[in-house]
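Chemist: Got a structure here, written out as C-alpha cells. Questions coming.
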Amino acid sequence: MRIICPFCGERELGEFTYLGDAKPQRPAADAGEDAVYDYVYLRDNIAGVISEYWYHGGGCRAWLKVTRNTLTHEISAVEPAAGAGAAKVGA
Amino acid sequence: MADFSWDIRSPLDRALVAGPYGAQGEAGVSLTEIRNFDLVQVMARRGKAGETIAAAKARLGAAAPETPKAVSIADATVIWSGPDQFFVLSKGGKHSIDALASVFAGSASLSDQSHARALISISGDKARAMLAKLSSIDLHPDVFGVGAAAATSMDHTSVTLWRGDDRNGQAVFNLLVFATFAESLWHTILDSAAEHGVTIGHSEDLA
Ligand SMILES: [Zn+2]
C-alpha cells in the first residue's frame, strides 16, 4: 500500500503511522459523560469507505486525512489534516 | 560550579575510517562526511508562511522552496524539510541561527540543528544502485534531478535527502541524518556499498 502525501508525493506505507477514524469530534466541555465516553471509546467498524488520520512521521511529519476503503484498501483522497503546515488547513 | 570542557566532535568521529572499504579495485561509491556546518531549521508560524518566504528571499536572494527541492545560492543551500519549513545549510557563521534570528523575527521559529545532524555526501558510479537498497524514493535522473529533495526514511531512520550540483559529471546525493542515528545509518550505508567498493573521507567543504 502507498499513500500520496500532498506535500511529499507517493510514499511507501512504512513512512506512515496510523491513528484511526477521523470522524470523532471532541465534545463540548459540558456535553456530559455519555458524549465523552462515546468520543473516547466507541468506534464504528466500517466495511467500506472511511476517513482516517495518518501521520507522515518518516517524511514531512504532517498529519494527513486519508479516505480509504477498508475492503479494498483503495485510497480515493488524501488531504492535509487541519493545521498541517503553517498555511494549509484541511477540512 | 563545575567546569565543563566541551569537545565538539562529529557524530561519525568513531565510525568513520578514511580510506578504501569493501570490494577491491576502483571504488563505485564515494562517501564524504561534511563537518562543521551551520544548519538552521526555519518553521513558519501559523499564517506566516508568506512572510517567512519573503524574509528568506530578502535575506538570501532566493525563494525558499515550497515543494521538496533544494536551492543553492552563493554561500548557502536552502532545503525543503516539510510544509512551510526549510533548512538553511551554510558555513562560517554568516547564516547561523544568531545571524538569522532577526531576519525571521515574528514570522518563523528557528531551531539550531548544526550539531544535531550529520551530513553525508554520496557520489560515484554506483551511488544510485547503493541508495536503491536503502531508499524507496525513485532516484532516476529523470525524476530526481539536480535540486530535487525528499524528507524520507532510510533503514527506519528519518533523513533529508537532496541532489546537489553534479561533481566531475557525476550525481551527488546529500544526506542529513539525526546525529544519534548517524552511526547506525553509516554502517548500513557501508554494508550496502561494500560490494561496489567504497572510498571514505571527510571534508570541511560544503559541496
Ligand atoms: Zn509528507
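Residue numbering restarts at 1 for every chain of the C-alpha cells, chains are lettered A, B, ... in their displayed order, and ligands are numbered from 1 as they appear.
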Write down, as a list in words, each residue of chain B that has any atom within 8 Å of an atom of chain A, counting only C-alpha atoms.

Modeler: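 Taking only C-alpha atoms into account, Ala44, Arg45, Arg46, Gly47, Lys48, Ala49, Thr67, Pro68, Ser81, Gly82, Pro83, Asp84, Gln85, Ser136, Ile137, Ala150, Ala151, Thr152, Ser153, His156, Thr157, Ser158 and Val159 of chain B sit within 8 Å of chain A.
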
Chemist: Would you write out those residues with all heavy atoms, as a compact mmCIF listing (two decimals), in the first residue's frame?

Modeler:
# COMPACT_ATOMS: atom_id res chain seq x y z
N ALA B 44 7.76 28.25 9.57
CA ALA B 44 6.84 29.38 9.54
C ALA B 44 5.81 29.25 10.64
O ALA B 44 5.33 28.15 10.93
CB ALA B 44 6.15 29.47 8.18
N ARG B 45 5.47 30.36 11.26
CA ARG B 45 4.42 30.34 12.28
C ARG B 45 3.06 30.35 11.60
O ARG B 45 2.94 30.68 10.42
CB ARG B 45 4.59 31.52 13.23
CG ARG B 45 5.86 31.37 14.04
CD ARG B 45 6.02 32.43 15.09
NE ARG B 45 7.35 32.28 15.71
CZ ARG B 45 7.98 33.25 16.35
NH1 ARG B 45 7.43 34.44 16.46
NH2 ARG B 45 9.16 33.02 16.87
N ARG B 46 2.04 30.00 12.37
CA ARG B 46 0.68 29.89 11.84
C ARG B 46 0.29 31.15 11.07
O ARG B 46 0.38 32.26 11.60
CB ARG B 46 -0.29 29.66 13.01
CG ARG B 46 -1.73 29.48 12.62
CD ARG B 46 -2.02 28.13 11.98
NE ARG B 46 -1.71 27.02 12.87
CZ ARG B 46 -1.21 25.85 12.43
NH1 ARG B 46 -0.98 25.66 11.16
NH2 ARG B 46 -0.95 24.88 13.27
N GLY B 47 -0.05 30.97 9.79
CA GLY B 47 -0.48 32.09 8.97
C GLY B 47 0.63 32.99 8.47
O GLY B 47 0.38 34.02 7.86
N LYS B 48 1.90 32.60 8.73
CA LYS B 48 3.02 33.48 8.38
C LYS B 48 3.91 32.87 7.30
O LYS B 48 5.07 33.28 7.16
CB LYS B 48 3.88 33.74 9.62
CG LYS B 48 3.12 34.31 10.80
CD LYS B 48 3.08 35.82 10.76
CE LYS B 48 2.46 36.36 12.03
NZ LYS B 48 2.51 37.80 12.13
N ALA B 49 3.38 31.90 6.55
CA ALA B 49 4.21 31.25 5.53
C ALA B 49 4.70 32.25 4.49
O ALA B 49 5.88 32.24 4.10
CB ALA B 49 3.43 30.12 4.86
N THR B 67 8.13 23.35 -2.19
CA THR B 67 7.92 21.94 -2.52
C THR B 67 9.26 21.24 -2.27
O THR B 67 10.27 21.92 -2.08
CB THR B 67 7.50 21.76 -3.99
OG1 THR B 67 8.50 22.36 -4.82
CG2 THR B 67 6.16 22.42 -4.28
N PRO B 68 9.29 19.90 -2.28
CA PRO B 68 10.55 19.21 -1.97
C PRO B 68 11.67 19.51 -2.97
O PRO B 68 11.82 18.82 -3.99
CB PRO B 68 10.15 17.73 -1.98
CG PRO B 68 8.70 17.73 -1.69
CD PRO B 68 8.16 18.97 -2.36
N SER B 81 12.04 20.95 4.12
CA SER B 81 12.03 19.88 5.11
C SER B 81 10.63 19.50 5.56
O SER B 81 10.46 18.65 6.43
CB SER B 81 12.89 20.27 6.33
OG SER B 81 12.33 21.39 6.99
N GLY B 82 9.62 20.11 4.97
CA GLY B 82 8.24 19.82 5.32
C GLY B 82 7.40 21.02 4.95
O GLY B 82 7.93 22.04 4.52
N PRO B 83 6.06 20.91 5.10
CA PRO B 83 5.21 22.03 4.73
C PRO B 83 5.55 23.29 5.53
O PRO B 83 5.57 23.25 6.76
CB PRO B 83 3.79 21.53 5.04
CG PRO B 83 3.97 20.31 5.88
CD PRO B 83 5.30 19.74 5.56
N ASP B 84 5.85 24.36 4.82
CA ASP B 84 6.14 25.66 5.43
C ASP B 84 7.35 25.61 6.37
O ASP B 84 7.39 26.30 7.38
CB ASP B 84 4.90 26.21 6.15
CG ASP B 84 3.71 26.31 5.22
OD1 ASP B 84 3.91 26.80 4.09
OD2 ASP B 84 2.61 25.86 5.57
N GLN B 85 8.32 24.78 6.02
CA GLN B 85 9.56 24.75 6.80
C GLN B 85 10.72 24.35 5.90
O GLN B 85 10.54 23.66 4.89
CB GLN B 85 9.44 23.78 7.97
CG GLN B 85 9.00 22.40 7.59
CD GLN B 85 8.98 21.47 8.79
OE1 GLN B 85 9.99 20.88 9.15
NE2 GLN B 85 7.82 21.34 9.42
N SER B 136 13.20 4.05 -0.80
CA SER B 136 12.12 3.73 -1.73
C SER B 136 11.84 4.91 -2.67
O SER B 136 10.92 4.87 -3.47
CB SER B 136 10.85 3.36 -0.96
OG SER B 136 10.47 4.42 -0.12
N ILE B 137 12.64 5.95 -2.58
CA ILE B 137 12.48 7.10 -3.47
C ILE B 137 13.06 6.74 -4.84
O ILE B 137 14.12 6.12 -4.94
CB ILE B 137 13.25 8.32 -2.91
CG1 ILE B 137 12.76 8.68 -1.51
CG2 ILE B 137 13.17 9.51 -3.85
CD1 ILE B 137 11.47 9.40 -1.46
N ALA B 150 13.96 15.31 -0.70
CA ALA B 150 12.92 14.49 -0.09
C ALA B 150 13.14 14.39 1.41
O ALA B 150 14.27 14.21 1.86
CB ALA B 150 12.91 13.09 -0.70
N ALA B 151 12.05 14.54 2.15
CA ALA B 151 12.06 14.16 3.56
C ALA B 151 11.56 12.73 3.57
O ALA B 151 10.42 12.47 3.18
CB ALA B 151 11.14 15.07 4.37
N THR B 152 12.42 11.80 3.94
CA THR B 152 12.05 10.39 3.79
C THR B 152 12.73 9.57 4.87
O THR B 152 13.27 10.11 5.83
CB THR B 152 12.43 9.90 2.37
OG1 THR B 152 12.00 8.56 2.19
CG2 THR B 152 13.93 9.99 2.12
N SER B 153 12.65 8.26 4.74
CA SER B 153 13.27 7.37 5.71
C SER B 153 14.19 6.39 5.01
O SER B 153 13.89 5.92 3.92
CB SER B 153 12.20 6.58 6.48
OG SER B 153 11.42 7.44 7.25
N HIS B 156 14.53 2.79 8.43
CA HIS B 156 13.65 3.23 9.54
C HIS B 156 14.16 4.51 10.20
O HIS B 156 13.76 4.82 11.33
CB HIS B 156 13.49 2.13 10.59
CG HIS B 156 13.09 0.81 10.00
ND1 HIS B 156 11.82 0.53 9.59
CD2 HIS B 156 13.83 -0.29 9.73
CE1 HIS B 156 11.77 -0.69 9.11
NE2 HIS B 156 12.99 -1.20 9.16
N THR B 157 15.03 5.22 9.54
CA THR B 157 15.61 6.44 10.11
C THR B 157 15.22 7.63 9.25
O THR B 157 15.42 7.59 8.03
CB THR B 157 17.15 6.30 10.15
OG1 THR B 157 17.48 5.13 10.89
CG2 THR B 157 17.79 7.51 10.79
N SER B 158 14.68 8.67 9.88
CA SER B 158 14.31 9.87 9.12
C SER B 158 15.55 10.56 8.56
O SER B 158 16.51 10.78 9.30
CB SER B 158 13.58 10.85 10.03
OG SER B 158 12.25 10.43 10.21
N VAL B 159 15.50 10.90 7.31
CA VAL B 159 16.61 11.62 6.68
C VAL B 159 16.06 12.72 5.78
O VAL B 159 14.90 12.70 5.38
CB VAL B 159 17.50 10.69 5.82
CG1 VAL B 159 18.16 9.63 6.67
CG2 VAL B 159 16.71 10.07 4.67

Chemist: Give me the residues near segment 30-35 of chain B as a VMD selection string, where near means some atom within 6 Å (using only C-alpha atoms) and where sequence neighbours in that chain fewer than 4 positions away do not count.

Modeler: chain B and resid 119 to 124 198 to 204

Chemist: Write the residues of the selection above to a file with all heavy atoms, as an mmCIF file, in the first residue's frame.

Modeler:
data_model
loop_
_atom_site.group_PDB
_atom_site.id
_atom_site.type_symbol
_atom_site.label_atom_id
_atom_site.label_comp_id
_atom_site.auth_asym_id
_atom_site.auth_seq_id
_atom_site.Cartn_x
_atom_site.Cartn_y
_atom_site.Cartn_z
ATOM 1 N N LEU B 119 26.050 15.152 8.153
ATOM 2 C CA LEU B 119 25.851 15.386 6.719
ATOM 3 C C LEU B 119 26.788 14.474 5.934
ATOM 4 O O LEU B 119 28.010 14.515 6.122
ATOM 5 C CB LEU B 119 26.125 16.861 6.405
ATOM 6 C CG LEU B 119 26.105 17.291 4.938
ATOM 7 C CD1 LEU B 119 24.777 16.938 4.268
ATOM 8 C CD2 LEU B 119 26.355 18.798 4.826
ATOM 9 N N ILE B 120 26.189 13.636 5.103
ATOM 10 C CA ILE B 120 26.962 12.668 4.318
ATOM 11 C C ILE B 120 26.717 12.938 2.840
ATOM 12 O O ILE B 120 25.569 13.028 2.399
ATOM 13 C CB ILE B 120 26.544 11.222 4.658
ATOM 14 C CG1 ILE B 120 26.720 10.957 6.162
ATOM 15 C CG2 ILE B 120 27.356 10.214 3.843
ATOM 16 C CD1 ILE B 120 26.064 9.663 6.629
ATOM 17 N N SER B 121 27.798 13.085 2.103
ATOM 18 C CA SER B 121 27.713 13.316 0.662
ATOM 19 C C SER B 121 28.093 12.022 -0.054
ATOM 20 O O SER B 121 29.125 11.423 0.229
ATOM 21 C CB SER B 121 28.664 14.460 0.297
ATOM 22 O OG SER B 121 28.607 14.694 -1.084
ATOM 23 N N ILE B 122 27.228 11.600 -0.969
ATOM 24 C CA ILE B 122 27.382 10.298 -1.621
ATOM 25 C C ILE B 122 27.479 10.501 -3.129
ATOM 26 O O ILE B 122 26.614 11.145 -3.724
ATOM 27 C CB ILE B 122 26.166 9.392 -1.305
ATOM 28 C CG1 ILE B 122 26.004 9.245 0.211
ATOM 29 C CG2 ILE B 122 26.304 8.022 -1.981
ATOM 30 C CD1 ILE B 122 24.637 8.755 0.636
ATOM 31 N N SER B 123 28.522 9.979 -3.723
ATOM 32 C CA SER B 123 28.634 10.067 -5.179
ATOM 33 C C SER B 123 29.297 8.796 -5.707
ATOM 34 O O SER B 123 29.513 7.847 -4.960
ATOM 35 C CB SER B 123 29.425 11.326 -5.582
ATOM 36 O OG SER B 123 30.724 11.273 -5.037
ATOM 37 N N GLY B 124 29.596 8.805 -6.979
ATOM 38 C CA GLY B 124 30.209 7.631 -7.594
ATOM 39 C C GLY B 124 29.262 6.934 -8.557
ATOM 40 O O GLY B 124 28.050 7.105 -8.486
ATOM 41 N N VAL B 198 34.269 1.131 -1.899
ATOM 42 C CA VAL B 198 33.949 2.445 -1.352
ATOM 43 C C VAL B 198 35.229 3.208 -1.087
ATOM 44 O O VAL B 198 36.245 2.628 -0.695
ATOM 45 C CB VAL B 198 33.184 2.314 0.006
ATOM 46 C CG1 VAL B 198 32.606 3.657 0.419
ATOM 47 C CG2 VAL B 198 32.116 1.249 -0.069
ATOM 48 N N THR B 199 35.180 4.509 -1.320
ATOM 49 C CA THR B 199 36.252 5.366 -0.814
ATOM 50 C C THR B 199 35.635 6.327 0.195
ATOM 51 O O THR B 199 34.597 6.951 -0.074
ATOM 52 C CB THR B 199 36.990 6.087 -1.965
ATOM 53 O OG1 THR B 199 37.984 6.929 -1.403
ATOM 54 C CG2 THR B 199 36.067 6.922 -2.827
ATOM 55 N N ILE B 200 36.245 6.385 1.369
ATOM 56 C CA ILE B 200 35.660 7.107 2.504
ATOM 57 C C ILE B 200 36.558 8.277 2.899
ATOM 58 O O ILE B 200 37.769 8.141 2.945
ATOM 59 C CB ILE B 200 35.508 6.154 3.726
ATOM 60 C CG1 ILE B 200 34.560 4.996 3.377
ATOM 61 C CG2 ILE B 200 35.019 6.910 4.966
ATOM 62 C CD1 ILE B 200 34.556 3.884 4.414
ATOM 63 N N GLY B 201 35.924 9.394 3.173
ATOM 64 C CA GLY B 201 36.695 10.544 3.647
ATOM 65 C C GLY B 201 35.814 11.511 4.394
ATOM 66 O O GLY B 201 34.621 11.284 4.553
ATOM 67 N N HIS B 202 36.414 12.572 4.886
ATOM 68 C CA HIS B 202 35.608 13.654 5.452
ATOM 69 C C HIS B 202 36.200 14.988 5.009
ATOM 70 O O HIS B 202 37.364 15.070 4.615
ATOM 71 C CB HIS B 202 35.489 13.553 6.977
ATOM 72 C CG HIS B 202 36.788 13.526 7.702
ATOM 73 N ND1 HIS B 202 37.474 14.656 8.035
ATOM 74 C CD2 HIS B 202 37.540 12.483 8.138
ATOM 75 C CE1 HIS B 202 38.582 14.322 8.674
ATOM 76 N NE2 HIS B 202 38.656 13.002 8.737
ATOM 77 N N SER B 203 35.356 15.991 5.077
ATOM 78 C CA SER B 203 35.742 17.279 4.490
ATOM 79 C C SER B 203 35.102 18.404 5.295
ATOM 80 O O SER B 203 34.106 18.193 6.012
ATOM 81 C CB SER B 203 35.250 17.319 3.045
ATOM 82 O OG SER B 203 35.324 18.642 2.543
ATOM 83 N N GLU B 204 35.665 19.564 5.196
ATOM 84 C CA GLU B 204 35.089 20.750 5.840
ATOM 85 C C GLU B 204 34.360 21.609 4.812
ATOM 86 O O GLU B 204 33.806 22.647 5.163
ATOM 87 C CB GLU B 204 36.192 21.586 6.497
ATOM 88 C CG GLU B 204 37.004 20.867 7.538
ATOM 89 C CD GLU B 204 36.423 21.005 8.942
ATOM 90 O OE1 GLU B 204 35.880 22.074 9.256
ATOM 91 O OE2 GLU B 204 36.492 20.020 9.708
#

Chemist: According to DSSP computed on the backbone, where in segment 11-197 of chain B is there strand (DSSP E or B)? Give the residues as a JSON list (two decimals) with N, CA and C atoms, in the first residue's frame.

Modeler:
[["chain", "number", "residue", "atom", "x", "y", "z"],
["B", 19, "GLY", "N", 39.57, 6.11, 3.89],
["B", 19, "GLY", "CA", 40.32, 5.17, 3.05],
["B", 19, "GLY", "C", 39.38, 4.25, 2.30],
["B", 20, "PRO", "N", 39.90, 3.17, 1.74],
["B", 20, "PRO", "CA", 39.06, 2.25, 0.97],
["B", 20, "PRO", "C", 38.29, 1.30, 1.88],
["B", 21, "TYR", "N", 37.16, 0.81, 1.37],
["B", 21, "TYR", "CA", 36.35, -0.16, 2.12],
["B", 21, "TYR", "C", 35.66, -1.06, 1.11],
["B", 29, "VAL", "N", 31.48, 3.75, -5.10],
["B", 29, "VAL", "CA", 30.77, 4.69, -4.23],
["B", 29, "VAL", "C", 31.78, 5.52, -3.45],
["B", 30, "SER", "N", 31.53, 6.81, -3.41],
["B", 30, "SER", "CA", 32.37, 7.71, -2.63],
["B", 30, "SER", "C", 31.52, 8.32, -1.50],
["B", 31, "LEU", "N", 31.98, 8.16, -0.27],
["B", 31, "LEU", "CA", 31.27, 8.69, 0.89],
["B", 31, "LEU", "C", 32.13, 9.75, 1.56],
["B", 32, "THR", "N", 31.58, 10.94, 1.67],
["B", 32, "THR", "CA", 32.32, 12.03, 2.32],
["B", 32, "THR", "C", 31.45, 12.65, 3.40],
["B", 33, "GLU", "N", 31.91, 12.59, 4.62],
["B", 33, "GLU", "CA", 31.17, 13.28, 5.67],
["B", 33, "GLU", "C", 31.60, 14.74, 5.69],
["B", 34, "ILE", "N", 30.62, 15.65, 5.68],
["B", 34, "ILE", "CA", 30.92, 17.08, 5.74],
["B", 34, "ILE", "C", 30.79, 17.52, 7.20],
["B", 38, "ASP", "N", 26.83, 25.08, 9.58],
["B", 38, "ASP", "CA", 25.72, 25.73, 10.28],
["B", 38, "ASP", "C", 24.42, 25.22, 9.65],
["B", 39, "LEU", "N", 23.52, 24.76, 10.48],
["B", 39, "LEU", "CA", 22.25, 24.26, 9.96],
["B", 39, "LEU", "C", 21.12, 24.81, 10.83],
["B", 40, "VAL", "N", 20.25, 25.58, 10.20],
["B", 40, "VAL", "CA", 19.14, 26.20, 10.94],
["B", 40, "VAL", "C", 17.82, 25.73, 10.35],
["B", 41, "GLN", "N", 16.96, 25.21, 11.21],
["B", 41, "GLN", "CA", 15.61, 24.86, 10.77],
["B", 41, "GLN", "C", 14.72, 26.08, 10.92],
["B", 42, "VAL", "N", 14.03, 26.43, 9.84],
["B", 42, "VAL", "CA", 13.12, 27.57, 9.84],
["B", 42, "VAL", "C", 11.70, 27.04, 9.65],
["B", 43, "MET", "N", 10.85, 27.32, 10.62],
["B", 43, "MET", "CA", 9.46, 26.84, 10.55],
["B", 43, "MET", "C", 8.53, 28.03, 10.64],
["B", 44, "ALA", "N", 7.76, 28.25, 9.57],
["B", 44, "ALA", "CA", 6.84, 29.38, 9.54],
["B", 44, "ALA", "C", 5.81, 29.25, 10.64],
["B", 69, "LYS", "N", 12.41, 20.54, -2.68],
["B", 69, "LYS", "CA", 13.52, 20.99, -3.54],
["B", 69, "LYS", "C", 14.64, 21.54, -2.65],
["B", 70, "ALA", "N", 15.83, 21.58, -3.21],
["B", 70, "ALA", "CA", 16.96, 22.25, -2.56],
["B", 70, "ALA", "C", 17.44, 23.35, -3.49],
["B", 71, "VAL", "N", 17.60, 24.54, -2.95],
["B", 71, "VAL", "CA", 18.01, 25.69, -3.76],
["B", 71, "VAL", "C", 19.40, 26.12, -3.31],
["B", 72, "SER", "N", 20.34, 26.13, -4.27],
["B", 72, "SER", "CA", 21.70, 26.55, -3.96],
["B", 72, "SER", "C", 21.86, 28.03, -4.25],
["B", 73, "ILE", "N", 22.40, 28.75, -3.28],
["B", 73, "ILE", "CA", 22.80, 30.14, -3.55],
["B", 73, "ILE", "C", 24.30, 30.22, -3.29],
["B", 76, "ALA", "N", 25.06, 29.36, 0.62],
["B", 76, "ALA", "CA", 24.17, 28.51, 1.43],
["B", 76, "ALA", "C", 23.33, 27.61, 0.53],
["B", 77, "THR", "N", 22.74, 26.61, 1.14],
["B", 77, "THR", "CA", 21.75, 25.79, 0.45],
["B", 77, "THR", "C", 20.49, 25.80, 1.30],
["B", 78, "VAL", "N", 19.35, 26.03, 0.64],
["B", 78, "VAL", "CA", 18.07, 26.06, 1.35],
["B", 78, "VAL", "C", 17.31, 24.79, 0.93],
["B", 79, "ILE", "N", 16.97, 23.98, 1.92],
["B", 79, "ILE", "CA", 16.42, 22.66, 1.64],
["B", 79, "ILE", "C", 15.05, 22.52, 2.28],
["B", 80, "TRP", "N", 14.06, 22.17, 1.48],
["B", 80, "TRP", "CA", 12.71, 21.93, 1.98],
["B", 80, "TRP", "C", 12.75, 20.80, 3.00],
["B", 81, "SER", "N", 12.04, 20.95, 4.12],
["B", 81, "SER", "CA", 12.03, 19.88, 5.11],
["B", 81, "SER", "C", 10.63, 19.50, 5.56],
["B", 82, "GLY", "N", 9.62, 20.11, 4.97],
["B", 82, "GLY", "CA", 8.24, 19.82, 5.32],
["B", 82, "GLY", "C", 7.40, 21.02, 4.95],
["B", 85, "GLN", "N", 8.32, 24.78, 6.02],
["B", 85, "GLN", "CA", 9.56, 24.75, 6.80],
["B", 85, "GLN", "C", 10.72, 24.35, 5.90],
["B", 86, "PHE", "N", 11.90, 24.82, 6.25],
["B", 86, "PHE", "CA", 13.08, 24.50, 5.46],
["B", 86, "PHE", "C", 14.34, 24.63, 6.31],
["B", 87, "PHE", "N", 15.42, 24.04, 5.80],
["B", 87, "PHE", "CA", 16.73, 24.18, 6.43],
["B", 87, "PHE", "C", 17.55, 25.22, 5.69],
["B", 88, "VAL", "N", 18.37, 25.96, 6.42],
["B", 88, "VAL", "CA", 19.41, 26.79, 5.80],
["B", 88, "VAL", "C", 20.75, 26.17, 6.20],
["B", 89, "LEU", "N", 21.47, 25.67, 5.21],
["B", 89, "LEU", "CA", 22.75, 25.00, 5.43],
["B", 89, "LEU", "C", 23.86, 25.90, 4.92],
["B", 90, "SER", "N", 24.84, 26.20, 5.77],
["B", 90, "SER", "CA", 25.91, 27.10, 5.37],
["B", 90, "SER", "C", 27.14, 26.84, 6.22],
["B", 108, "ALA", "N", 8.84, 33.32, 11.71],
["B", 108, "ALA", "CA", 9.15, 31.89, 11.80],
["B", 108, "ALA", "C", 9.87, 31.57, 13.10],
["B", 109, "SER", "N", 9.78, 30.33, 13.50],
["B", 109, "SER", "CA", 10.55, 29.84, 14.64],
["B", 109, "SER", "C", 11.79, 29.14, 14.11],
["B", 110, "LEU", "N", 12.93, 29.43, 14.74],
["B", 110, "LEU", "CA", 14.20, 28.84, 14.30],
["B", 110, "LEU", "C", 14.70, 27.84, 15.34],
["B", 111, "SER", "N", 15.38, 26.83, 14.83],
["B", 111, "SER", "CA", 15.97, 25.85, 15.72],
["B", 111, "SER", "C", 17.35, 25.47, 15.17],
["B", 112, "ASP", "N", 18.36, 25.64, 16.01],
["B", 112, "ASP", "CA", 19.73, 25.36, 15.56],
["B", 112, "ASP", "C", 19.96, 23.85, 15.52],
["B", 117, "ARG", "N", 22.69, 17.10, 13.47],
["B", 117, "ARG", "CA", 22.64, 16.27, 12.27],
["B", 117, "ARG", "C", 24.05, 15.96, 11.81],
["B", 118, "ALA", "N", 24.18, 14.83, 11.14],
["B", 118, "ALA", "CA", 25.40, 14.54, 10.39],
["B", 118, "ALA", "C", 25.06, 14.71, 8.91],
["B", 119, "LEU", "N", 26.05, 15.15, 8.15],
["B", 119, "LEU", "CA", 25.85, 15.39, 6.72],
["B", 119, "LEU", "C", 26.79, 14.47, 5.93],
["B", 120, "ILE", "N", 26.19, 13.64, 5.10],
["B", 120, "ILE", "CA", 26.96, 12.67, 4.32],
["B", 120, "ILE", "C", 26.72, 12.94, 2.84],
["B", 121, "SER", "N", 27.80, 13.08, 2.10],
["B", 121, "SER", "CA", 27.71, 13.32, 0.66],
["B", 121, "SER", "C", 28.09, 12.02, -0.05],
["B", 122, "ILE", "N", 27.23, 11.60, -0.97],
["B", 122, "ILE", "CA", 27.38, 10.30, -1.62],
["B", 122, "ILE", "C", 27.48, 10.50, -3.13],
["B", 123, "SER", "N", 28.52, 9.98, -3.72],
["B", 123, "SER", "CA", 28.63, 10.07, -5.18],
["B", 123, "SER", "C", 29.30, 8.80, -5.71],
["B", 148, "ALA", "N", 16.49, 18.26, -6.60],
["B", 148, "ALA", "CA", 15.37, 17.52, -6.02],
["B", 148, "ALA", "C", 15.69, 17.20, -4.57],
["B", 149, "ALA", "N", 14.66, 17.16, -3.73],
["B", 149, "ALA", "CA", 14.86, 16.86, -2.31],
["B", 149, "ALA", "C", 13.72, 15.99, -1.82],
["B", 150, "ALA", "N", 13.96, 15.31, -0.70],
["B", 150, "ALA", "CA", 12.92, 14.49, -0.09],
["B", 150, "ALA", "C", 13.14, 14.39, 1.41],
["B", 151, "ALA", "N", 12.05, 14.54, 2.15],
["B", 151, "ALA", "CA", 12.06, 14.16, 3.56],
["B", 151, "ALA", "C", 11.56, 12.73, 3.57],
["B", 152, "THR", "N", 12.42, 11.80, 3.94],
["B", 152, "THR", "CA", 12.05, 10.39, 3.79],
["B", 152, "THR", "C", 12.73, 9.57, 4.87],
["B", 153, "SER", "N", 12.65, 8.26, 4.74],
["B", 153, "SER", "CA", 13.27, 7.37, 5.71],
["B", 153, "SER", "C", 14.19, 6.39, 5.01],
["B", 154, "MET", "N", 15.30, 6.09, 5.66],
["B", 154, "MET", "CA", 16.20, 5.03, 5.20],
["B", 154, "MET", "C", 16.47, 4.13, 6.39],
["B", 157, "THR", "N", 15.03, 5.22, 9.54],
["B", 157, "THR", "CA", 15.61, 6.44, 10.11],
["B", 157, "THR", "C", 15.22, 7.63, 9.25],
["B", 158, "SER", "N", 14.68, 8.67, 9.88],
["B", 158, "SER", "CA", 14.31, 9.87, 9.12],
["B", 158, "SER", "C", 15.55, 10.56, 8.56],
["B", 159, "VAL", "N", 15.50, 10.90, 7.31],
["B", 159, "VAL", "CA", 16.61, 11.62, 6.68],
["B", 159, "VAL", "C", 16.06, 12.72, 5.78],
["B", 160, "THR", "N", 16.92, 13.69, 5.51],
["B", 160, "THR", "CA", 16.65, 14.67, 4.46],
["B", 160, "THR", "C", 17.65, 14.39, 3.35],
["B", 161, "LEU", "N", 17.12, 14.10, 2.18],
["B", 161, "LEU", "CA", 17.95, 13.69, 1.05],
["B", 161, "LEU", "C", 17.78, 14.71, -0.07],
["B", 162, "TRP", "N", 18.88, 15.18, -0.65],
["B", 162, "TRP", "CA", 18.73, 16.03, -1.83],
["B", 162, "TRP", "C", 19.89, 15.83, -2.78],
["B", 163, "ARG", "N", 19.63, 16.16, -4.03],
["B", 163, "ARG", "CA", 20.67, 16.04, -5.04],
["B", 163, "ARG", "C", 21.32, 17.39, -5.24],
["B", 167, "ARG", "N", 29.26, 16.69, -9.62],
["B", 167, "ARG", "CA", 30.69, 16.89, -9.45],
["B", 167, "ARG", "C", 31.42, 15.93, -10.39],
["B", 170, "GLN", "N", 29.30, 13.60, -12.23],
["B", 170, "GLN", "CA", 28.56, 12.57, -11.50],
["B", 170, "GLN", "C", 27.56, 13.18, -10.54],
["B", 172, "VAL", "N", 25.54, 13.86, -7.20],
["B", 172, "VAL", "CA", 25.92, 13.92, -5.78],
["B", 172, "VAL", "C", 24.63, 13.93, -4.96],
["B", 173, "PHE", "N", 24.52, 12.94, -4.07],
["B", 173, "PHE", "CA", 23.37, 12.86, -3.17],
["B", 173, "PHE", "C", 23.81, 13.25, -1.76],
["B", 174, "ASN", "N", 23.12, 14.21, -1.17],
["B", 174, "ASN", "CA", 23.45, 14.66, 0.17],
["B", 174, "ASN", "C", 22.40, 14.16, 1.16],
["B", 175, "LEU", "N", 22.88, 13.77, 2.32],
["B", 175, "LEU", "CA", 22.01, 13.13, 3.29],
["B", 175, "LEU", "C", 22.23, 13.78, 4.65],
["B", 176, "LEU", "N", 21.16, 14.31, 5.23],
["B", 176, "LEU", "CA", 21.21, 14.79, 6.61],
["B", 176, "LEU", "C", 20.50, 13.77, 7.48],
["B", 177, "VAL", "N", 21.18, 13.33, 8.53],
["B", 177, "VAL", "CA", 20.59, 12.33, 9.43],
["B", 177, "VAL", "C", 20.79, 12.79, 10.87],
["B", 178, "PHE", "N", 19.84, 12.49, 11.73],
["B", 178, "PHE", "CA", 19.97, 12.83, 13.15],
["B", 178, "PHE", "C", 21.30, 12.31, 13.69]]
